[in-house]
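The data block below is final_17.cif; it holds mmCIF, C-alpha atoms.
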data_query
#
loop_
_atom_site.label_atom_id
_atom_site.label_comp_id
_atom_site.auth_asym_id
_atom_site.auth_seq_id
_atom_site.Cartn_x
_atom_site.Cartn_y
_atom_site.Cartn_z
CA MET D 1 15.77 -10.45 16.60
CA ARG D 2 19.25 -11.73 15.85
CA PRO D 3 21.14 -13.23 12.91
CA GLU D 4 23.33 -16.04 14.23
CA ARG D 5 26.80 -16.85 12.87
CA SER D 6 30.15 -17.59 14.45
CA ASN D 7 33.66 -16.40 13.49
CA ASN D 8 32.49 -12.94 12.51
CA ARG D 9 35.15 -10.66 11.05
CA PRO D 10 34.66 -7.23 9.42
CA THR D 11 34.57 -6.94 5.66
CA ARG D 12 37.73 -5.31 4.31
CA VAL D 13 37.08 -3.08 1.34
CA ASP D 14 39.52 -1.00 -0.68
CA ALA D 15 36.91 1.56 -1.73
CA ARG D 16 37.31 4.25 -4.34
CA SER D 17 34.49 6.12 -2.71
CA LEU D 18 33.16 5.88 0.84
CA ILE D 19 29.83 7.59 1.49
CA VAL D 20 28.84 8.57 5.01
CA ALA D 21 25.09 8.10 5.43
CA ARG D 22 22.61 8.82 8.19
CA ARG D 23 19.44 7.02 9.30
CA ASP D 24 15.84 8.06 8.83
CA PRO D 25 13.18 7.34 11.50
CA GLY D 26 12.66 3.83 10.09
CA GLY D 27 16.36 2.96 10.09
CA ARG D 28 16.85 3.35 6.34
CA LEU D 29 20.13 4.82 5.06
CA LEU D 30 20.04 8.37 3.69
CA VAL D 31 22.86 9.18 1.27
CA PRO D 32 23.84 12.65 -0.05
CA VAL D 33 22.97 13.00 -3.74
CA LYS D 34 23.65 16.05 -5.91
CA LEU D 35 21.37 16.93 -8.83
CA ASN D 36 22.61 19.43 -11.42
CA GLY D 37 25.42 20.23 -8.97
CA ARG D 38 22.92 21.31 -6.33
CA GLY D 39 22.38 19.80 -2.92
CA PRO D 40 23.25 17.48 -1.45
CA PHE D 41 19.74 16.06 -1.24
CA GLN D 42 19.07 13.23 1.20
CA PHE D 43 18.03 10.11 -0.74
CA ILE D 44 17.06 6.72 0.67
CA LEU D 45 19.42 4.05 -0.66
CA ASN D 46 16.97 1.58 -2.19
CA THR D 47 17.89 -1.93 -3.36
CA GLY D 48 14.19 -2.63 -3.97
CA ALA D 49 13.67 -0.03 -6.70
CA GLY D 50 14.39 -0.34 -10.39
CA ARG D 51 14.96 3.40 -10.78
CA SER D 52 15.58 6.48 -8.66
CA ALA D 53 12.88 9.04 -7.90
CA VAL D 54 12.41 12.47 -6.32
CA THR D 55 9.65 14.09 -4.30
CA ASN D 56 7.58 17.04 -5.49
CA GLU D 57 9.51 19.28 -3.11
CA THR D 58 12.86 18.23 -4.59
CA ALA D 59 11.64 18.82 -8.14
CA ARG D 60 10.48 22.31 -7.17
CA ALA D 61 13.78 23.06 -5.41
CA LEU D 62 15.70 22.34 -8.62
CA GLY D 63 13.82 25.18 -10.27
CA PRO D 64 13.37 26.02 -13.95
CA LEU D 65 16.63 24.34 -15.01
CA VAL D 66 14.80 21.00 -14.95
CA ASP D 67 12.89 19.96 -18.07
CA GLU D 68 9.65 18.05 -17.86
CA ALA D 69 9.68 14.57 -19.37
CA PRO D 70 6.82 12.21 -20.31
CA SER D 71 4.87 10.49 -17.54
CA ILE D 72 5.71 6.88 -16.72
CA LEU D 73 4.00 4.03 -14.90
CA VAL D 74 5.58 3.36 -11.50
CA HIS D 75 5.02 0.04 -9.74
CA GLY D 76 5.09 0.22 -5.95
CA VAL D 77 4.48 -2.27 -3.16
CA THR D 78 0.83 -1.26 -2.77
CA GLY D 79 -0.12 -0.21 -6.28
CA SER D 80 0.84 1.24 -9.66
CA THR D 81 0.21 4.69 -11.02
CA ALA D 82 1.33 7.05 -13.77
CA VAL D 83 3.50 9.89 -12.45
CA PRO D 84 5.26 12.86 -14.04
CA THR D 85 9.02 12.78 -14.58
CA ILE D 86 11.81 15.34 -14.83
CA ARG D 87 15.12 15.35 -16.69
CA VAL D 88 18.30 16.38 -14.91
CA GLU D 89 21.67 17.14 -16.48
CA SER D 90 23.79 15.48 -13.79
CA MET D 91 23.46 13.24 -10.74
CA SER D 92 26.24 12.23 -8.36
CA LEU D 93 26.92 10.37 -5.13
CA GLY D 94 30.20 11.34 -3.54
CA THR D 95 32.81 11.30 -6.31
CA MET D 96 30.71 8.99 -8.47
CA ASN D 97 28.71 10.30 -11.41
CA ILE D 98 25.44 8.42 -11.83
CA PRO D 99 24.00 7.84 -15.32
CA VAL D 100 21.05 10.20 -15.70
CA SER D 101 17.58 9.22 -16.85
CA PRO D 102 14.13 10.77 -16.36
CA LEU D 103 13.30 10.76 -12.65
CA PRO D 104 9.76 9.97 -11.50
CA VAL D 105 8.25 12.67 -9.27
CA LEU D 106 6.34 11.17 -6.35
CA ALA D 107 4.04 12.93 -3.92
CA ASN D 108 5.04 10.80 -0.93
CA ALA D 109 7.57 12.59 1.29
CA PHE D 110 9.38 9.36 2.35
CA ASP D 111 9.47 10.42 6.01
CA GLY D 112 11.31 13.62 5.15
CA ALA D 113 13.75 12.22 2.56
CA ASP D 114 14.16 14.07 -0.74
CA GLY D 115 13.79 10.94 -2.85
CA PHE D 116 15.29 7.50 -3.22
CA LEU D 117 18.36 6.26 -5.03
CA SER D 118 18.13 2.92 -6.82
CA ALA D 119 21.19 0.82 -5.98
CA SER D 120 21.04 -0.75 -9.43
CA SER D 121 21.38 2.69 -11.06
CA LEU D 122 24.83 3.33 -9.59
CA GLY D 123 26.58 1.40 -12.33
CA SER D 124 28.96 -0.05 -9.72
CA GLU D 125 30.07 -3.66 -9.84
CA CYS D 126 29.89 -3.87 -6.07
CA ILE D 127 28.21 -2.00 -3.22
CA VAL D 128 29.05 -2.60 0.44
CA ILE D 129 26.54 -1.26 2.98
CA ASP D 130 27.87 -1.09 6.54
CA PHE D 131 24.86 -0.92 8.85
CA ILE D 132 26.97 -0.45 11.99
CA ARG D 133 28.92 2.57 10.72
CA SER D 134 26.14 3.81 8.39
CA THR D 135 28.44 3.96 5.37
CA VAL D 136 28.18 2.91 1.75
CA ALA D 137 31.31 1.84 -0.13
CA LEU D 138 31.64 1.56 -3.90
CA PRO D 139 34.72 -0.63 -4.37
CA ASN D 140 36.63 -1.10 -7.59
CA GLY D 141 35.72 -4.75 -7.29
CA ILE D 142 35.95 -7.54 -4.72
CA ALA D 143 35.36 -11.25 -5.10
CA LEU D 144 32.75 -11.92 -2.44
CA GLY D 145 32.58 -15.60 -3.25
CA ARG D 146 36.14 -16.06 -1.93
CA ASP D 147 35.44 -14.37 1.42
CA ARG D 148 33.19 -16.79 3.28
CA SER D 149 34.60 -16.43 6.81
CA GLY D 150 31.95 -15.06 9.14
CA ALA D 151 29.47 -14.43 6.34
CA ALA D 152 26.62 -16.02 4.43
CA ILE D 153 26.68 -16.02 0.66
CA ALA D 154 23.52 -16.06 -1.48
CA ARG D 155 23.24 -16.23 -5.25
CA MET D 156 21.10 -13.63 -6.97
CA ASP D 157 17.92 -14.80 -8.64
CA SER D 158 17.99 -13.10 -12.03
CA SER D 159 14.34 -13.82 -12.86
CA HIS D 160 13.10 -10.44 -11.56
CA PRO D 161 15.60 -7.77 -12.69
CA PRO D 162 16.52 -5.17 -11.67
CA LEU D 163 15.23 -6.06 -8.20
CA LEU D 164 17.71 -7.76 -5.88
CA THR D 165 16.20 -11.22 -5.32
CA ILE D 166 17.66 -14.26 -3.55
CA GLY D 167 16.44 -17.63 -2.30
CA THR D 168 15.87 -18.13 1.43
CA ARG D 169 14.19 -20.75 3.58
CA VAL D 170 11.63 -20.15 6.30
CA GLN D 171 10.64 -23.19 8.36
CA ALA D 172 11.98 -25.39 5.51
CA VAL D 173 9.81 -23.52 2.96
CA ALA D 174 11.68 -22.08 -0.04
CA VAL D 175 10.88 -18.37 -0.31
CA LYS D 176 11.79 -15.95 -3.09
CA THR D 177 13.10 -12.93 -1.20
CA ILE D 178 13.48 -9.35 -2.44
CA ILE D 179 16.19 -7.45 -0.53
CA ASP D 180 14.70 -3.99 0.00
CA THR D 181 16.71 -1.39 1.91
CA GLY D 182 14.02 1.12 0.96
CA ALA D 183 11.34 -0.61 3.06
CA HIS D 184 10.78 -0.21 6.78
CA ALA D 185 9.10 -3.57 7.32
CA THR D 186 9.23 -7.14 6.04
CA LEU D 187 6.19 -8.21 4.02
CA GLY D 188 5.09 -11.60 2.71
CA ASN D 189 2.59 -12.73 0.12
CA LEU D 190 -0.46 -14.90 0.75
CA ALA D 191 1.20 -17.98 -0.75
CA MET D 192 3.98 -17.74 1.84
CA HIS D 193 1.50 -17.46 4.70
CA TYR D 194 -0.45 -20.49 3.49
CA ALA D 195 2.72 -22.56 2.96
CA LEU D 196 3.77 -21.88 6.57
CA THR D 197 0.39 -22.18 8.30
CA ASN D 198 -1.97 -23.98 5.91
CA LYS D 199 -4.43 -21.20 6.74
CA ALA D 200 -5.72 -18.04 5.10
CA VAL D 201 -4.61 -14.67 6.45
CA ASP D 202 -6.82 -13.34 9.24
CA THR D 203 -8.47 -10.23 7.79
CA SER D 204 -10.13 -9.13 11.04
CA GLU D 205 -7.09 -7.05 12.04
CA ARG D 206 -5.51 -5.03 9.28
CA VAL D 207 -3.20 -2.02 9.28
CA GLU D 208 -2.63 0.80 6.81
CA LEU D 209 0.46 0.44 4.63
CA VAL D 210 1.68 3.66 3.00
CA GLY D 211 3.64 3.00 -0.17
CA ALA D 212 5.61 5.26 -2.48
CA VAL D 213 2.74 5.57 -4.97
CA ALA D 214 -0.35 4.38 -3.09
CA SER D 215 -1.68 3.20 0.26
CA GLY D 216 -3.16 -0.19 1.05
CA GLN D 217 -4.24 -2.63 3.74
CA ILE D 218 -2.16 -5.49 5.11
CA GLY D 219 -2.43 -7.97 7.97
CA SER D 220 -1.04 -7.16 11.39
CA PRO D 221 2.64 -8.12 11.93
CA GLN D 222 3.20 -11.57 13.40
CA PRO D 223 6.22 -13.69 14.39
CA LEU D 224 8.30 -15.03 11.51
CA PRO D 225 9.58 -18.60 12.01
CA MET D 226 13.33 -19.16 11.80
CA MET D 227 14.66 -17.81 8.52
CA GLU D 228 17.77 -19.18 6.83
CA ILE D 229 20.09 -17.32 4.46
CA GLY D 230 22.87 -19.73 3.66
CA GLU D 231 24.41 -20.61 7.05
CA LEU D 232 22.76 -17.69 8.85
CA ARG D 233 19.78 -18.32 11.09
CA ILE D 234 17.52 -15.35 11.80
CA LEU D 235 15.40 -15.57 14.92
CA GLY D 236 12.77 -13.34 16.48
CA ALA D 237 11.77 -11.41 13.34
CA ARG D 238 8.25 -10.33 12.44
CA ILE D 239 6.37 -10.18 9.14
CA ALA D 240 3.05 -8.89 7.80
CA TYR D 241 1.19 -10.73 5.01
CA GLY D 242 -1.05 -9.31 2.34
CA ASP D 243 -2.29 -9.42 -1.24
CA LEU D 244 0.17 -6.78 -2.43
CA SER D 245 0.36 -5.24 -5.88
CA LEU D 246 4.13 -5.72 -6.09
CA PHE D 247 3.89 -9.51 -5.93
CA GLU D 248 1.22 -9.51 -8.62
CA HIS D 249 3.34 -7.27 -10.87
CA LEU D 250 6.33 -9.60 -10.46
CA LYS D 251 4.15 -12.68 -11.03
CA LEU D 252 4.96 -13.89 -7.53
CA THR D 253 1.48 -14.66 -6.23
CA ALA D 254 1.57 -18.44 -6.72
CA VAL D 255 4.89 -19.11 -4.93
CA PRO D 256 6.02 -18.09 -1.41
CA ALA D 257 7.68 -14.70 -1.64
CA MET D 258 8.59 -11.84 0.67
CA LEU D 259 10.13 -8.42 0.74
CA LEU D 260 12.94 -8.22 3.32
CA GLY D 261 12.94 -4.76 4.90
CA MET D 262 15.20 -2.78 7.19
CA ASP D 263 13.54 -4.19 10.31
CA ILE D 264 15.59 -7.33 9.57
CA LEU D 265 18.41 -6.03 7.36
CA GLY D 266 19.36 -3.39 9.92
CA HIS D 267 20.37 -6.13 12.38
CA PHE D 268 23.21 -7.30 10.12
CA ALA D 269 26.70 -5.83 10.30
CA SER D 270 26.88 -5.38 6.54
CA LEU D 271 25.34 -6.23 3.21
CA ALA D 272 27.61 -6.55 0.18
CA ILE D 273 26.20 -6.81 -3.32
CA ASP D 274 28.43 -8.07 -6.12
CA TYR D 275 26.44 -7.37 -9.27
CA LYS D 276 29.17 -8.64 -11.60
CA HIS D 277 29.31 -12.12 -10.05
CA GLU D 278 25.63 -12.09 -8.95
CA ILE D 279 26.44 -12.69 -5.29
CA VAL D 280 25.04 -11.16 -2.10
CA GLN D 281 26.97 -11.40 1.17
CA PHE D 282 25.37 -11.01 4.60
CA ARG D 283 27.55 -10.55 7.66
CA ALA D 284 26.21 -10.91 11.19
CA ARG D 285 27.04 -8.24 13.78
CA THR D 286 28.58 -10.58 16.32
CA SER D 287 28.79 -14.20 17.39
CA LYS D 288 27.65 -13.25 20.90
CA ARG D 289 24.05 -13.74 21.97
CA SER D 290 22.12 -10.54 22.61
#
Structure encoded using structure tokens:
Amino acid sequence: MRPERSNNRPTRVDARSLIVARRDPGGRLLVPVKLNGRGPFQFILNTGAGRSAVTNETARALGPLVDEAPSILVHGVTGSTAVPTIRVESMSLGTMNIPVSPLPVLANAFDGADGFLSASSLGSECIVIDFIRSTVALPNGIALGRDRSGAAIARMDSSHPPLLTIGTRVQAVAVKTIIDTGAHATLGNLAMHYALTNKAVDTSERVELVGAVASGQIGSPQPLPMMEIGELRILGARIAYGDLSLFEHLKLTAVPAMLLGMDILGHFASLAIDYKHEIVQFRARTSKRS
């Protein structure tokens, strides 16, 4: 799989805080987060979550200093469920203090991670994720719309906050696309499959999909036709289709929609999110064919 774009140059960022991350088995970025001054705990950086969350093990590790808070309803890819929450006094990433709110406590261990960190909770105007160097930068502010050389620019779709949603095209079909650095794989809804194939999803071969709050069934992965993000062309990717709870919750069952996971995002050089100007910038790794 390769994103294609010529004239690729690295993004230059004057960052006030540069976070060195590491990768989990699925290629997701793990960033060091401190809770109540303790840690660091390894959290998955998640652009597809409206709020941060911790595992049961992390909640227990914080000990009696953590107060219990009311349960909340958490909406995941495969289902929704009420989960307990905890209150923490402080939360930080590098030198940045993160506004605290009750944190859902989830039973899923996230492949060994201690929780996930919602990108939208950072309170930063801009986040630059470097997939080559495995770093996360929190700049004071950069105007992504002025830096188009070697990059594709997409406007945010503000109809599904706080999720990071953009418009893409797959085989000339307009697709609402959720950018999800917290997901291993790319998933599409049934409307997208029908728009591309004029057929129903084959249910004879299904695989188990383990979500943050529930498990479910989804079709086997299959080739994804050429995908376009601005001037970028993405070839050789794969996608699995299913009747997923997330699309129903977002009222995205009637229009083609997909969740873009790290199986595709990880092939880019970088992803820059400018929340202030509602712009997302994708930069290809190289102009050379691989």
Pull out every residue that the PyMOL selection byres ((chain D and resi 166-183) around 8) matches in the shown coordinates and put them as a ChimeraX atom specification. /D:28-29,44-49,116,154-157,163-165,184-186,192,195-196,225-230,255-262,265
Please, could you write that set of residues out with C-alpha atoms as a PDB file, keeping the file's coordinate frame?
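Full text of again.pdb as output:
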ATOM      1  CA  ARG D  28      16.850   3.350   6.340  1.00  0.00           C
ATOM      2  CA  LEU D  29      20.130   4.820   5.060  1.00  0.00           C
ATOM      3  CA  ILE D  44      17.060   6.720   0.670  1.00  0.00           C
ATOM      4  CA  LEU D  45      19.420   4.050  -0.660  1.00  0.00           C
ATOM      5  CA  ASN D  46      16.970   1.580  -2.190  1.00  0.00           C
ATOM      6  CA  THR D  47      17.890  -1.930  -3.360  1.00  0.00           C
ATOM      7  CA  GLY D  48      14.190  -2.630  -3.970  1.00  0.00           C
ATOM      8  CA  ALA D  49      13.670  -0.030  -6.700  1.00  0.00           C
ATOM      9  CA  PHE D 116      15.290   7.500  -3.220  1.00  0.00           C
ATOM     10  CA  ALA D 154      23.520 -16.060  -1.480  1.00  0.00           C
ATOM     11  CA  ARG D 155      23.240 -16.230  -5.250  1.00  0.00           C
ATOM     12  CA  MET D 156      21.100 -13.630  -6.970  1.00  0.00           C
ATOM     13  CA  ASP D 157      17.920 -14.800  -8.640  1.00  0.00           C
ATOM     14  CA  LEU D 163      15.230  -6.060  -8.200  1.00  0.00           C
ATOM     15  CA  LEU D 164      17.710  -7.760  -5.880  1.00  0.00           C
ATOM     16  CA  THR D 165      16.200 -11.220  -5.320  1.00  0.00           C
ATOM     17  CA  HIS D 184      10.780  -0.210   6.780  1.00  0.00           C
ATOM     18  CA  ALA D 185       9.100  -3.570   7.320  1.00  0.00           C
ATOM     19  CA  THR D 186       9.230  -7.140   6.040  1.00  0.00           C
ATOM     20  CA  MET D 192       3.980 -17.740   1.840  1.00  0.00           C
ATOM     21  CA  ALA D 195       2.720 -22.560   2.960  1.00  0.00           C
ATOM     22  CA  LEU D 196       3.770 -21.880   6.570  1.00  0.00           C
ATOM     23  CA  PRO D 225       9.580 -18.600  12.010  1.00  0.00           C
ATOM     24  CA  MET D 226      13.330 -19.160  11.800  1.00  0.00           C
ATOM     25  CA  MET D 227      14.660 -17.810   8.520  1.00  0.00           C
ATOM     26  CA  GLU D 228      17.770 -19.180   6.830  1.00  0.00           C
ATOM     27  CA  ILE D 229      20.090 -17.320   4.460  1.00  0.00           C
ATOM     28  CA  GLY D 230      22.870 -19.730   3.660  1.00  0.00           C
ATOM     29  CA  VAL D 255       4.890 -19.110  -4.930  1.00  0.00           C
ATOM     30  CA  PRO D 256       6.020 -18.090  -1.410  1.00  0.00           C
ATOM     31  CA  ALA D 257       7.680 -14.700  -1.640  1.00  0.00           C
ATOM     32  CA  MET D 258       8.590 -11.840   0.670  1.00  0.00           C
ATOM     33  CA  LEU D 259      10.130  -8.420   0.740  1.00  0.00           C
ATOM     34  CA  LEU D 260      12.940  -8.220   3.320  1.00  0.00           C
ATOM     35  CA  GLY D 261      12.940  -4.760   4.900  1.00  0.00           C
ATOM     36  CA  MET D 262      15.200  -2.780   7.190  1.00  0.00           C
ATOM     37  CA  LEU D 265      18.410  -6.030   7.360  1.00  0.00           C
TER      38      LEU D 265
END
Counting all atoms listed in the file, closest pick from D:Val74, D:Ile86, D:Val105, D:Leu117 relative to D:Phe41 is D:Leu117
(request) Go through D:Arg51, D:Arg285, D:Lys34, D:Arg238 one by one, measure the shortest atom-to-atom distance of each to D:Thr85 using only C-alpha atoms, and give the residue with the smallest value. (result)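 Of D:Arg51, D:Arg285, D:Lys34, D:Arg238, the one nearest D:Thr85, counting only C-alpha atoms, is D:Arg51.
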Please work out which residues fall within 7 Å of (10.2, 11.4, -14.2), coordinates as given in the file, with all atoms listed in the file counting, and return them as a ChimeraX atom specification.
/D:69,71-72,84-87,102-105
Go ahead and save the residues from that selection, with C-alpha atoms, as an mmCIF file, in the coordinates of the input.
data_model
loop_
_atom_site.group_PDB
_atom_site.id
_atom_site.type_symbol
_atom_site.label_atom_id
_atom_site.label_comp_id
_atom_site.auth_asym_id
_atom_site.auth_seq_id
_atom_site.Cartn_x
_atom_site.Cartn_y
_atom_site.Cartn_z
ATOM 1 C CA ALA D 69 9.680 14.570 -19.370
ATOM 2 C CA SER D 71 4.870 10.490 -17.540
ATOM 3 C CA ILE D 72 5.710 6.880 -16.720
ATOM 4 C CA PRO D 84 5.260 12.860 -14.040
ATOM 5 C CA THR D 85 9.020 12.780 -14.580
ATOM 6 C CA ILE D 86 11.810 15.340 -14.830
ATOM 7 C CA ARG D 87 15.120 15.350 -16.690
ATOM 8 C CA PRO D 102 14.130 10.770 -16.360
ATOM 9 C CA LEU D 103 13.300 10.760 -12.650
ATOM 10 C CA PRO D 104 9.760 9.970 -11.500
ATOM 11 C CA VAL D 105 8.250 12.670 -9.270
#
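We find atom CA of D:Asn97 and atom CA of D:Val54 to be spaced 17.2 Å apart.
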Q) So how many Å separate atom CA of D:Leu122 and atom CA of D:His277, to one decimal? A)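 These atoms are spaced 16.1 Å apart.
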* Asked: Expanded to explicit residues, what is the PyMOL selection byres ((chain D and resi 100) around 8) for this file, as a list of chain:residue names?
  -> D:Arg87, D:Val88, D:Glu89, D:Ser90, D:Met91, D:Ile98, D:Pro99, D:Ser101, D:Pro102
Same residues, C-alpha atoms, saved as a short mmCIF file (atom, residue, chain, number, x, y, z; two decimals), keeping the file's coordinate frame:
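Saved result, selection01.cif, follows:
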data_model
loop_
_atom_site.label_atom_id
_atom_site.label_comp_id
_atom_site.auth_asym_id
_atom_site.auth_seq_id
_atom_site.Cartn_x
_atom_site.Cartn_y
_atom_site.Cartn_z
CA ARG D 87 15.12 15.35 -16.69
CA VAL D 88 18.30 16.38 -14.91
CA GLU D 89 21.67 17.14 -16.48
CA SER D 90 23.79 15.48 -13.79
CA MET D 91 23.46 13.24 -10.74
CA ILE D 98 25.44 8.42 -11.83
CA PRO D 99 24.00 7.84 -15.32
CA SER D 101 17.58 9.22 -16.85
CA PRO D 102 14.13 10.77 -16.36
#
Applying the PyMOL selection byres ((chain D and resi 38-40) around 10) to the file I just gave you, which residues come out? Please list them as a PyMOL selection string. chain D and resi 31-37+41-43+58+61-62+90-94+114
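Note that atom CA of D:Gln222 and atom CA of D:Ala151 are 27.4 Å apart.
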>> Would you pick out the contacts of D:Ala152 at 6 Å or less, using all atoms listed in the file, so that residues sharing its chain but fewer than 2 positions from it are not included, and give the list as a PyMOL selection string?
In response: chain D and resi 230-231+281-282
Using only C-alpha atoms, the best pick from D:Ser270, D:Ser80, D:Ser134, D:Thr286 as closest to D:Phe247 would be D:Ser80
- Item | Nearest to D:Thr95, chosen from D:Val280, D:Ala137, D:Asp67, D:Leu244, with all atoms listed in the file counted in the distances |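 Once distances to D:Thr95 are computed over all atoms listed in the file, the minimum belongs to D:Ala137.
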